[in-house]
Structures are given as C-alpha cells and as structure tokens.
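Text of the file my_file_13.txt, holding compact mmCIF, C-alpha atoms:
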# COMPACT_ATOMS: atom_id res chain seq x y z
CA MET A 98 70.64 59.91 -75.26
CA ARG A 99 69.09 63.39 -75.07
CA MET A 100 71.68 66.09 -74.43
CA LYS A 101 71.13 67.72 -71.04
CA THR A 102 73.06 70.33 -69.11
CA ARG A 103 72.14 70.96 -65.51
CA MET A 104 73.03 74.39 -64.10
CA ILE A 105 72.58 75.19 -60.43
CA SER A 106 70.46 78.19 -59.49
CA LEU A 107 72.66 81.01 -58.16
CA CYS A 108 70.15 82.31 -55.67
CA ALA A 109 68.66 80.35 -52.79
CA ILE A 110 65.19 81.23 -51.59
CA ALA A 111 64.89 83.51 -48.58
CA GLY A 112 64.08 82.11 -45.17
CA LEU A 113 60.60 80.97 -44.26
CA THR A 114 58.13 83.82 -43.87
CA ALA A 115 55.45 84.14 -41.22
CA LEU A 116 52.27 82.47 -42.39
CA SER A 117 48.68 83.54 -41.86
CA LEU A 118 45.61 81.29 -42.01
CA ALA A 119 47.18 79.01 -39.40
CA GLY A 120 50.57 79.12 -41.05
CA CYS A 121 50.11 80.63 -44.53
CA SER A 122 51.04 84.10 -45.70
CA GLU A 123 49.16 86.15 -48.28
CA ALA A 124 51.57 89.09 -48.42
CA ALA A 125 51.52 90.69 -51.86
CA VAL A 126 54.49 89.73 -54.00
CA SER A 127 55.42 91.70 -57.08
CA GLY A 128 56.61 88.94 -59.35
CA ASN A 129 57.79 88.62 -62.91
CA SER A 130 58.29 84.91 -62.64
CA SER A 131 56.39 82.03 -64.12
CA ALA A 132 54.27 79.48 -62.39
CA ALA A 133 57.53 77.66 -61.82
CA SER A 134 60.05 80.33 -60.98
CA GLY A 135 63.67 79.46 -60.41
CA SER A 136 63.31 80.58 -56.79
CA THR A 137 63.34 77.03 -55.47
CA SER A 138 63.34 76.02 -51.82
CA THR A 139 65.36 73.53 -49.85
CA SER A 140 62.31 71.27 -49.85
CA ALA A 141 62.16 71.44 -53.62
CA ALA A 142 65.75 70.37 -53.96
CA ALA A 143 65.12 67.46 -51.65
CA ALA A 144 61.97 66.44 -53.54
CA SER A 145 63.49 66.75 -57.01
CA SER A 146 61.71 63.75 -57.50
CA GLU A 147 44.09 79.53 -68.14
CA ASN A 148 27.39 86.76 -73.04
CA ALA A 149 26.66 85.89 -69.45
CA VAL A 150 24.49 82.81 -69.06
CA SER A 151 22.41 82.17 -65.96
CA ALA A 152 22.91 78.97 -63.98
CA GLY A 153 20.52 79.04 -61.07
CA SER A 154 20.87 82.62 -59.88
CA ALA A 155 24.50 83.04 -60.96
CA ALA A 156 25.56 84.86 -64.11
CA VAL A 157 29.18 84.47 -64.95
CA SER A 158 31.13 84.29 -67.90
CA THR A 159 35.09 82.11 -71.71
CA VAL A 160 36.40 84.03 -74.58
CA ALA A 161 35.98 81.80 -77.62
CA THR A 162 38.63 79.09 -77.55
CA SER A 163 39.69 79.58 -81.14
CA GLY A 164 41.35 82.93 -81.66
CA GLY A 165 39.33 85.05 -79.27
CA SER A 166 39.63 88.81 -79.30
CA SER A 167 42.89 90.12 -80.67
CA VAL A 168 45.81 91.22 -78.54
CA SER A 169 46.82 94.59 -79.94
CA GLY A 170 50.11 94.93 -81.77
CA VAL A 171 50.81 91.23 -82.29
CA ASN A 172 50.06 88.52 -84.81
CA GLN A 173 47.70 86.25 -82.90
CA ILE A 174 47.98 82.78 -84.42
CA PRO A 175 44.69 80.88 -84.84
CA GLU A 176 44.44 77.40 -83.38
CA GLY A 177 45.33 74.44 -85.57
CA THR A 178 47.86 76.43 -87.61
CA GLU A 179 50.42 73.63 -87.76
CA GLU A 180 48.09 70.98 -89.16
CA ALA A 181 47.98 72.10 -92.80
CA SER A 182 51.70 72.26 -93.46
CA ALA A 183 53.57 70.04 -90.99
CA GLU A 184 53.49 67.03 -93.33
CA ASN A 185 55.59 68.89 -95.92
CA VAL A 186 58.47 69.79 -93.60
CA ASP A 187 61.66 67.81 -92.98
CA PHE A 188 62.32 68.03 -89.24
CA SER A 189 65.17 65.51 -89.10
CA SER A 190 67.84 68.13 -88.41
CA PHE A 191 65.63 70.62 -86.57
CA LYS A 192 67.11 71.37 -83.14
CA ILE A 193 65.28 72.79 -80.12
CA GLY A 194 66.68 74.42 -76.98
CA GLU A 195 64.68 74.46 -73.74
CA ILE A 196 65.50 76.70 -70.76
CA GLU A 197 63.80 75.68 -67.52
CA SER A 198 63.80 77.38 -64.12
CA TYR A 199 63.90 74.09 -62.25
CA VAL A 200 64.27 70.38 -63.07
CA VAL A 201 62.06 68.74 -65.67
CA ASN A 202 60.90 66.01 -63.28
CA ASP A 203 59.58 68.51 -60.70
CA GLY A 204 56.07 67.06 -60.91
CA GLY A 205 54.71 70.46 -61.85
CA TRP A 206 55.31 73.37 -64.23
CA CYS A 207 58.66 72.37 -65.69
CA GLN A 208 57.53 68.79 -66.19
CA ALA A 209 54.34 69.93 -67.94
CA THR A 210 56.32 72.17 -70.29
CA HIS A 211 58.99 69.56 -70.98
CA ASN A 212 56.46 66.81 -71.67
CA SER A 213 54.58 69.15 -74.03
CA ILE A 214 57.78 69.77 -76.01
CA LEU A 215 58.46 66.04 -76.24
CA SER A 216 54.86 65.38 -77.31
CA ALA A 217 55.07 67.97 -80.08
CA MET A 218 58.40 66.56 -81.25
CA ASN A 219 57.01 63.04 -81.30
CA ASP A 220 53.98 64.13 -83.34
CA LEU A 221 56.26 65.83 -85.86
CA GLY A 222 58.78 62.96 -86.02
CA ILE A 223 61.65 64.94 -84.47
CA PRO A 224 64.23 62.72 -82.70
CA GLU A 225 64.42 63.32 -78.95
CA ASP A 226 68.17 63.75 -79.34
CA ASN A 227 67.40 67.02 -81.13
CA LEU A 228 66.28 68.58 -77.82
CA ILE A 229 68.83 70.28 -75.59
CA THR A 230 67.47 71.05 -72.12
CA LEU A 231 69.13 73.41 -69.66
CA GLU A 232 67.67 73.05 -66.16
CA SER A 233 67.71 75.19 -63.00
CA ILE A 234 68.48 78.42 -64.82
CA ASP A 235 67.70 81.15 -62.30
CA ASP A 236 65.21 83.52 -63.91
CA THR A 237 66.37 86.41 -61.73
CA ASP A 238 69.99 86.18 -62.91
CA GLN A 239 70.63 87.92 -66.23
CA ALA A 240 74.09 86.45 -66.71
CA SER A 241 72.86 82.86 -66.21
CA VAL A 242 69.92 83.28 -68.58
CA GLN A 243 71.93 84.90 -71.33
CA GLU A 244 74.77 82.40 -70.97
CA ALA A 245 72.24 79.58 -71.33
CA ALA A 246 70.69 81.16 -74.43
CA GLU A 247 74.08 81.75 -76.03
CA GLN A 248 75.07 78.15 -75.31
CA LEU A 249 71.96 76.91 -77.12
CA VAL A 250 72.63 79.22 -80.07
CA ASP A 251 76.21 77.94 -80.27
CA GLN A 252 74.92 74.35 -80.33
CA GLY A 253 72.86 75.12 -83.42
CA CYS A 254 69.34 75.37 -82.04
CA ASN A 255 66.76 76.64 -84.52
CA LEU A 256 64.21 77.36 -81.78
CA ILE A 257 64.84 78.28 -78.15
CA ILE A 258 61.98 78.09 -75.65
CA GLY A 259 62.14 80.13 -72.44
CA ALA A 260 59.70 78.51 -70.01
CA SER A 261 59.63 81.19 -67.29
CA THR A 262 58.38 84.76 -67.63
CA GLY A 263 61.45 85.88 -65.70
CA TYR A 264 63.52 85.18 -68.82
CA SER A 265 61.57 87.78 -70.81
CA SER A 266 63.77 90.63 -69.57
CA TYR A 267 66.98 88.99 -70.76
CA LEU A 268 66.26 86.99 -73.93
CA PRO A 269 65.39 89.88 -76.31
CA GLU A 270 69.03 91.05 -76.33
CA ILE A 271 70.25 87.61 -77.40
CA ALA A 272 67.40 87.25 -79.90
CA GLU A 273 68.32 90.56 -81.55
CA LYS A 274 71.91 89.36 -81.99
CA ASN A 275 70.74 86.07 -83.54
CA PRO A 276 67.95 86.86 -86.04
CA ASP A 277 68.18 83.40 -87.61
CA VAL A 278 67.06 81.79 -84.35
CA ILE A 279 63.46 81.97 -83.12
CA PHE A 280 63.03 82.61 -79.41
CA ALA A 281 59.69 81.70 -77.80
CA GLN A 282 58.72 82.95 -74.35
CA TRP A 283 55.85 81.90 -72.09
CA GLY A 284 53.60 84.61 -70.66
CA ASN A 285 52.77 88.16 -71.68
CA LYS A 286 53.92 89.18 -75.16
CA VAL A 287 57.41 90.70 -75.24
CA ASP A 288 58.94 92.52 -78.22
CA GLY A 289 61.36 90.34 -80.17
CA LEU A 290 60.07 87.03 -78.79
CA VAL A 291 57.32 84.70 -79.99
CA GLY A 292 54.76 84.69 -77.17
CA TYR A 293 52.71 81.74 -76.02
CA GLU A 294 50.08 81.35 -73.31
CA ILE A 295 47.12 79.08 -72.57
CA ARG A 296 43.57 80.08 -71.74
CA SER A 297 43.98 78.20 -68.49
CA TYR A 298 40.85 79.83 -67.13
CA GLU A 299 38.75 77.43 -69.20
CA GLY A 300 39.89 74.34 -67.31
CA MET A 301 39.92 76.03 -63.91
CA PHE A 302 36.41 77.40 -64.45
CA LEU A 303 35.18 73.83 -64.95
CA ALA A 304 37.15 72.65 -61.91
CA GLY A 305 35.62 75.31 -59.65
CA TYR A 306 32.17 74.44 -60.97
CA ALA A 307 32.70 70.77 -60.12
CA CYS A 308 33.97 71.52 -56.60
CA GLU A 309 31.01 73.73 -55.78
CA LEU A 310 28.55 71.13 -57.06
CA LEU A 311 30.16 68.66 -54.65
CA SER A 312 30.53 71.06 -51.73
CA GLN A 313 27.44 73.26 -51.64
CA ASP A 314 25.19 70.94 -49.61
CA GLN A 315 27.77 71.06 -46.81
CA ASN A 316 29.60 74.37 -47.25
CA THR A 317 29.41 77.12 -49.89
CA GLU A 318 33.01 78.12 -49.11
CA LEU A 319 35.79 76.52 -51.12
CA GLY A 320 39.51 76.90 -50.58
CA TYR A 321 42.47 77.67 -52.79
CA SER A 322 46.07 76.91 -51.82
CA ALA A 323 48.25 79.21 -53.90
CA SER A 324 51.90 80.02 -54.48
CA TYR A 325 52.63 83.67 -55.43
CA ASN A 326 50.52 86.74 -56.20
CA GLU A 327 51.32 86.54 -59.91
CA PHE A 328 49.15 86.81 -63.04
CA SER A 329 48.95 83.09 -63.84
CA VAL A 330 48.10 82.29 -60.23
CA ARG A 331 45.42 84.99 -60.14
CA THR A 332 44.01 83.50 -63.34
CA ALA A 333 43.68 80.10 -61.70
CA ILE A 334 42.08 81.51 -58.54
CA ASN A 335 39.64 83.79 -60.39
CA ALA A 336 38.54 81.16 -62.89
CA TYR A 337 38.05 78.62 -60.12
CA ALA A 338 35.96 81.15 -58.17
CA LEU A 339 33.87 82.06 -61.21
CA GLY A 340 33.21 78.39 -61.89
CA ALA A 341 32.05 77.96 -58.30
CA LYS A 342 29.80 81.00 -58.69
CA TYR A 343 28.32 79.53 -61.84
CA ALA A 344 27.20 76.55 -59.76
CA ASN A 345 26.04 78.65 -56.81
CA ALA A 346 25.74 82.45 -56.64
CA ASP A 347 26.68 82.35 -52.93
CA ALA A 348 29.93 80.44 -53.39
CA LYS A 349 33.09 81.94 -51.90
CA VAL A 350 36.74 80.99 -52.31
CA LYS A 351 39.22 81.52 -49.47
CA VAL A 352 42.89 81.79 -50.49
CA ALA A 353 45.85 80.53 -48.47
CA SER A 354 49.30 81.21 -49.89
CA ALA A 355 52.74 79.72 -49.41
CA ASP A 356 54.65 82.61 -51.04
CA SER A 357 56.79 79.99 -52.74
CA TRP A 358 56.70 78.09 -56.01
CA TYR A 359 57.68 74.85 -54.28
CA ASP A 360 57.80 74.31 -50.53
CA ILE A 361 56.44 71.13 -49.00
CA ASP A 362 56.21 72.49 -45.44
CA LYS A 363 54.47 75.73 -46.37
CA GLU A 364 52.08 74.05 -48.78
CA THR A 365 51.18 71.48 -46.11
CA GLN A 366 50.39 74.31 -43.68
CA CYS A 367 48.28 76.11 -46.28
CA ALA A 368 46.15 73.07 -47.04
CA GLN A 369 45.82 72.25 -43.34
CA SER A 370 44.77 75.81 -42.48
CA LEU A 371 41.97 75.68 -45.03
CA ILE A 372 40.82 72.27 -43.80
CA ASP A 373 40.91 73.46 -40.16
CA SER A 374 38.66 76.38 -41.13
CA GLY A 375 36.01 73.91 -42.29
CA ILE A 376 36.79 73.71 -45.99
CA LYS A 377 36.57 70.28 -47.60
CA TYR A 378 37.11 71.11 -51.30
CA MET A 379 39.95 73.21 -52.65
CA GLY A 380 41.92 74.17 -55.72
CA MET A 381 45.68 74.53 -55.81
CA GLU A 382 48.51 76.12 -57.78
CA ALA A 383 51.64 74.28 -56.71
CA SER A 384 53.98 71.52 -57.86
CA SER A 385 54.81 69.45 -54.80
CA PRO A 386 52.72 66.53 -53.52
CA ALA A 387 52.09 68.29 -50.18
CA ILE A 388 48.60 69.66 -50.80
CA PRO A 389 47.04 66.47 -52.26
CA GLU A 390 48.64 64.35 -49.55
CA THR A 391 47.42 66.68 -46.78
CA CYS A 392 43.91 66.57 -48.21
CA GLU A 393 43.95 62.79 -48.33
CA LYS A 394 45.10 62.52 -44.72
CA ASN A 395 42.23 64.78 -43.64
CA GLY A 396 39.39 63.43 -45.77
CA ALA A 397 39.37 66.55 -47.94
CA PHE A 398 39.48 66.88 -51.72
CA VAL A 399 41.56 68.89 -54.19
CA VAL A 400 41.92 69.75 -57.87
CA GLY A 401 45.45 68.85 -58.97
CA TYR A 402 47.46 71.36 -60.98
CA HIS A 403 50.10 71.40 -63.74
CA ASN A 404 49.90 67.62 -64.37
CA ASP A 405 47.59 64.75 -63.46
CA MET A 406 48.18 64.40 -59.70
CA SER A 407 45.82 61.49 -59.09
CA SER A 408 48.66 59.08 -58.31
CA LEU A 409 49.86 61.33 -55.45
CA ALA A 410 46.60 61.06 -53.51
CA PRO A 411 44.10 58.80 -55.29
CA ASN A 412 41.44 59.27 -52.62
CA ALA A 413 41.66 63.08 -52.61
CA VAL A 414 42.37 64.28 -56.16
CA LEU A 415 39.04 64.88 -57.88
CA VAL A 416 40.52 65.91 -61.21
CA SER A 417 43.61 67.82 -62.34
CA PHE A 418 44.21 70.84 -64.53
CA GLU A 419 46.97 70.05 -67.03
CA TRP A 420 49.03 72.52 -69.04
CA ASN A 421 49.11 71.09 -72.55
CA PHE A 422 51.43 73.25 -74.67
CA ALA A 423 51.94 70.52 -77.28
CA PRO A 424 49.56 71.97 -79.94
CA ILE A 425 51.17 75.40 -79.55
CA PHE A 426 54.70 74.01 -79.71
CA LYS A 427 53.80 72.02 -82.84
CA SER A 428 52.77 75.25 -84.53
CA ILE A 429 55.83 77.21 -83.37
CA ILE A 430 58.17 74.41 -84.47
CA THR A 431 56.45 74.05 -87.84
CA ARG A 432 56.41 77.77 -88.57
CA THR A 433 60.05 78.06 -87.49
CA ALA A 434 61.08 75.19 -89.79
CA GLU A 435 59.09 76.76 -92.65
CA LYS A 436 60.69 80.13 -91.86
CA THR A 437 57.24 81.72 -91.50
CA ALA A 438 57.57 82.37 -87.76
CA THR A 439 58.08 86.00 -86.72
CA PRO A 440 58.86 87.64 -83.35
CA ASP A 441 55.40 89.24 -83.55
CA ASP A 442 53.64 85.87 -83.28
CA PHE A 443 51.48 85.29 -80.23
CA TYR A 444 49.65 82.10 -79.27
CA TYR A 445 46.76 82.31 -76.83
CA TRP A 446 44.97 78.99 -77.18
CA GLY A 447 42.38 77.15 -75.12
CA GLY A 448 40.43 74.00 -75.89
CA ASP A 449 42.73 70.97 -75.72
CA CYS A 450 45.53 73.15 -74.36
CA SER A 451 43.51 73.97 -71.23
CA LYS A 452 42.57 70.45 -70.30
CA LEU A 453 41.28 68.52 -67.33
CA SER A 454 42.32 64.96 -66.61
CA ASP A 455 39.71 62.26 -66.15
CA PHE A 456 37.65 62.63 -62.98
CA ALA A 457 38.26 60.18 -60.14
CA ASP A 458 35.97 57.17 -60.05
CA PHE A 459 34.41 58.37 -56.80
CA VAL A 460 33.09 61.61 -58.36
CA PRO A 461 29.35 61.14 -59.01
CA GLU A 462 28.39 60.58 -62.65
CA ASP A 463 25.86 63.43 -62.60
CA VAL A 464 28.62 65.89 -61.64
CA VAL A 465 30.91 64.58 -64.37
CA GLN A 466 28.07 64.97 -66.90
CA LYS A 467 27.26 68.51 -65.77
CA VAL A 468 30.92 69.47 -66.22
CA ALA A 469 30.92 67.92 -69.70
CA ASP A 470 27.77 69.87 -70.59
CA LEU A 471 29.33 73.13 -69.37
CA LYS A 472 32.52 72.38 -71.31
CA SER A 473 30.41 72.12 -74.49
CA LYS A 474 28.89 75.52 -73.75
CA LEU A 475 32.36 77.01 -73.31
CA GLU A 476 33.49 75.53 -76.62
CA SER A 477 30.46 76.90 -78.46
CA GLY A 478 30.83 80.35 -76.89
CA GLU A 479 27.42 80.11 -75.24
CA VAL A 480 29.09 80.63 -71.86
CA GLN A 481 31.78 83.28 -71.42
CA VAL A 482 33.93 83.16 -68.29
CA TYR A 483 34.79 86.88 -68.20
CA ALA A 484 31.48 88.45 -69.24
CA GLY A 485 29.64 91.27 -67.51
CA GLU A 486 28.46 92.36 -65.25
CA LEU A 487 31.62 91.32 -63.43
CA LYS A 488 33.01 93.00 -60.31
CA ASP A 489 36.25 92.67 -58.40
CA ASN A 490 36.45 91.97 -54.68
CA GLN A 491 36.69 95.72 -53.98
CA GLY A 492 33.29 96.36 -55.58
CA ASN A 493 34.65 97.88 -58.80
CA VAL A 494 32.96 96.94 -62.08
CA LEU A 495 35.45 95.11 -64.28
CA VAL A 496 33.10 94.34 -67.18
CA GLN A 497 29.79 96.02 -67.93
CA GLU A 498 26.63 94.01 -68.50
CA GLY A 499 26.56 92.61 -72.04
CA GLN A 500 30.32 93.06 -72.56
CA VAL A 501 33.22 90.57 -72.52
CA MET A 502 36.65 91.31 -71.09
CA SER A 503 39.47 91.85 -73.61
CA ASP A 504 42.32 89.36 -73.96
CA GLU A 505 44.76 92.01 -72.74
CA ASP A 506 42.93 92.32 -69.42
CA ILE A 507 42.35 88.57 -69.11
CA ILE A 508 46.06 87.89 -69.58
CA GLN A 509 47.16 90.55 -67.08
CA GLN A 510 44.55 89.45 -64.51
CA ASN A 511 45.11 92.58 -62.41
CA PHE A 512 42.18 91.84 -60.12
CA PHE A 513 40.46 89.31 -57.91
CA VAL A 514 36.80 88.62 -58.67
CA ASP A 515 34.16 89.47 -56.10
CA ASN A 516 33.79 86.04 -54.50
CA VAL A 517 37.51 85.64 -53.72
CA GLU A 518 38.53 86.18 -50.10
CA THR A 519 42.21 87.11 -49.91
CA SER A 520 44.48 89.63 -48.23
CA TRP A 521 46.48 89.87 -51.44
CA THR A 522 46.20 93.12 -53.38
CA VAL A 523 47.01 93.85 -57.00
CA GLN A 524 49.18 96.81 -57.96

As structure tokens:
Amino acid sequence: MRMKTRMISLCAIAGLTALSLAGCSEAAVSGNSSAASGSTSTSAAAASSENAVSAGSAAVSTVATSGGSSVSGVNQIPEGTEEASAENVDFSSFKIGEIESYVVNDGGWCQATHNSILSAMNDLGIPEDNLITLESIDDTDQASVQEAAEQLVDQGCNLIIGASTGYSSYLPEIAEKNPDVIFAQWGNKVDGLVGYEIRSYEGMFLAGYACELLSQDQNTELGYSASYNEFSVRTAINAYALGAKYANADAKVKVASADSWYDIDKETQCAQSLIDSGIKYMGMEASSPAIPETCEKNGAFVVGYHNDMSSLAPNAVLVSFEWNFAPIFKSIITRTAEKTATPDDFYYWGGDCSKLSDFADFVPEDVVQKVADLKSKLESGEVQVYAGELKDNQGNVLVQEGQVMSDEDIIQQNFFVDNVETSWTVQ
C-alpha cells in the first residue's frame, strides 16, 4: 500500500465574487500559485471525486520542441536525457516525495502530476510503495509547506517534487539545509530547486486551430473559460488564440473567468455566459466537470484540460490537452539516482509532454488530419507559435517580424495576444 498523508488546507477560499459575462469575473489576480493552487473551494471539497508561416491570411508562430532557446543562468536539460543511462541504475530503494496542493484524484492538475509520477516510476521499475504523497498542502502557508518537506526528508526521500508554484518561496530554505536531497519545483526556475515546465502552448495551439476550423463557418469568435490570471493560464489562452488565428486571421477569443482553481458553480456560470453570447466552441483551464457538462447540456463543444475529459461529456469534449510530465520526471529521477542532478537543472520540454488526447469520433476526419499536419510542422520547426510580427491586445509589438520570442518571455507570458478579448491586465 502506497504511503499517503492527507493534510487539510489551513485557508478556506474567500466568498464568491461578483461575476461578469453573465456571472463571471475577470478581475486581475496577482498569483504565485500553480494551475492547481491550494486555494480550494467548498465545491471542490464536495467534488473530491504549454519563422512565421502563412495559413490563409494568418501568420502566427512554436519554439523547437527539443531544447529550444536557452533560459539564461540555468542548465537546460535536452529532451530524452534519461534514456541513455536509466538501464544502468538500481532504483529499488529510491524514494520519492510528492507535495500536492489538493487531492490527487481531483480530475485535474494534481491528478495529472500524480499520474505522471506513477508513470515514470513504472517505466523505471520503481515500486509504488516508494512514493510518499502529501495532499492538500496549502501553498500560501509557509509553515505547512516546510513541515511537509521536512517530513519527507525525515522519511528518507531522495527526491521531493513540489507541484505548485506557490511552494517555490518556501522550499529553497529546506533544500539548502538538505543538500543530499534533490528538490524539484514546477514553474519558473527558482534558485536551489530543479525546475520543470512543459511547452503547453504546443498542444493548446493545435486545440485552438481545431476549434476555429470547426467554428468559422458559423462564428469566428471562440470562448475560453479560465481560472486565474496567472502565467500558465495566460499561456493556455494565448496559444489557443494563436492557433485559432492560424486557421483564420479574423478569429477572436473571448475570456470568461471564475477567479478560482476549482468551483463548480462559477465554472458553470462562465461556460453558460459564453454560450449565451453565441459562442459554440471554447477552451478551458479548470479541473471540475462543470464546463464540459454545461457545454453538453447546451449543444456546445469544449477542449478538455489537464487530463482526458471525454468521459465527463462525451458529446461535447472535442479533444483534451493533457499534462504529461512523465518523460521529465524519468529524467529527474534518473539524474538524481546517478547523482548527476543539480539545483541548476531546468526542464522545458514539449513534444510528447504537451499532448492532445484522441479526438472525439464526431470530429470530421479532415479536421483531425489538418491538426496532424500542423503538429508535424510544429515538430519540424517549420511553424513557430511565438514568431513575429506578434502584437499584444494593447497594440504593442511583442516580437518583430522574422524574430522568435525567447523562452524567458514565453514562460512568463506577461501579455495577451492581439486576438484575445479580456478585461484582465498583466502587471
């Protein structure tokens, strides 16, 4: 039986906020949390259960999926690093600690991360009993985070994975005190911690492209039901919008936001508000089943997020973006076991990490084939998602013609591209 400790979040989410777009707010939120922050709602507790090429008249642009441009000051690990040496390592006594902001069966972020860890362990032959998972560790509470990390150190973990960016403020202190333990942290690179992130824009670019191909004969406006104004969410929205623009230069994406990582009522209102405004196809960045189910009830369609959501609404989910950290975790585990991992390591991988599930059977074959063709162009580097000329929705030039955005700027995502309609601003 896998060892598991469940710790209750110390902070409850604030009361429901006023919502725009027929019930959804887009007030700017300055967040340092992950796409699955520990700020859970009452609904969540009850549920428990990432060169411009013309396409038509659009010119949009993905940084090469293998390596990409370097992130300054860190050791960016090339893809496939674990393959050459994993066979020579004995993992039988290798122990992993996992700190999650919510429960691992949340249907979203935490589940995607947890399943990726288990997949990597299985590939490397590590017994599941060697994983210690601490759930519902509030990423805004320093004492809780550091207590969790110290508990995992005391239980002999060789590698500790912090799955929310909110932990990044608190883990370096524990990592410095325990140099024999490797600490890995999702999100932007932090001194003293191995960093890992996925080029999620690759998958979402393809998803936006597919939605616009399906929608444009009826409506060039797509929707996006979002959680918080945070870098990973902005990445999903921008990539989705750029994919739509690749299919049709006139495509627009309207954002509705729940200002919550998990809230069934708010997410239902967001999806409904977009549908009521005439939108039939939308993307989402949320964990609950509310958005897919609302779409299905209204004859609308959605791109699932975090995991394959087709079972939640089989008549509405076109395809799902899935976080697949398994290849990255395999490399981190292998390098940690070999004692070649360093706190300067940074993983920013795309390809199989930024994956789409299979399309629903009702999606036309020609659309599926066009997406497959575009995916091949992304993989070859023929198409770049963030290539110039690229402007934000305030008219500012983000990338000059003939240039490609740096990884640093792609990761920060301190902008909304010019075909995104949102009241959110970026500081």

For this session: Write out as JSON, numbers by chain which residues come within 7 Å of region 419-432 of chain A when counting all atoms listed in the file, dropping same-chain ones fewer than 3 positions away.
Result: {"A": [178, 179, 183, 209, 210, 213, 214, 216, 217, 402, 403, 404, 405, 435, 436, 437, 438, 444, 450, 451, 452, 453, 454]}

For this session: Mind listing whatever residues come within 12 Å of the point (73.9, 80.7, -76.9)? Use all atoms listed in the file, file coordinates, and give them as a PyMOL selection string.
Result: chain A and resi 194-196+229+231+240-257+268+270-272+274-275+278+280

For this session: Excluding Asn511 (chain A) and residues on its chain fewer than 5 positions from it, collect all residues at most 12 Å away from it, counting only C-alpha atoms, and give them as a PyMOL selection string.
Result: chain A and resi 127+326-332+335+489-490+495+505-506+521-524

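For the set A:Asp362, A:Asp235, A:Asp441, A:Glu390, the residue with the smallest atom-to-atom gap to Leu290 (chain A) is A:Asp441, counting only C-alpha atoms.
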
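Distances from A:Ala348, A:Glu479, A:Glu176, A:Ser384 to Val201 (chain A) were compared using all atoms listed in the file, and the smallest one belongs to A:Ser384.
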
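When all atoms listed in the file are used to measure the gap to Lys472 (chain A), the shortest distance among A:Ala260, A:Tyr293, A:Asp449, A:Gly396 belongs to A:Asp449.
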
For this session: In Å, rounded to a single decimal, give me how far CA of Ser190 (chain A) is from CA of Gly289 (chain A).
Result: 24.6 Å

Problem set entry | Gap from CA of Ala307 (chain A) to CA of Gly447 (chain A) - Å, one decimal | 19.0 Å

Exercise. Residues at most 8 Å from Val350 (chain A), counting all atoms listed in the file, excluding those fewer than 3 positions away in the same chain, as a PyMOL selection string?
Worked result: chain A and resi 318-321+338+516-518

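When CA of Cys207 (chain A) is paired with CA of Tyr337 (chain A), their separation reads 22.2 Å.
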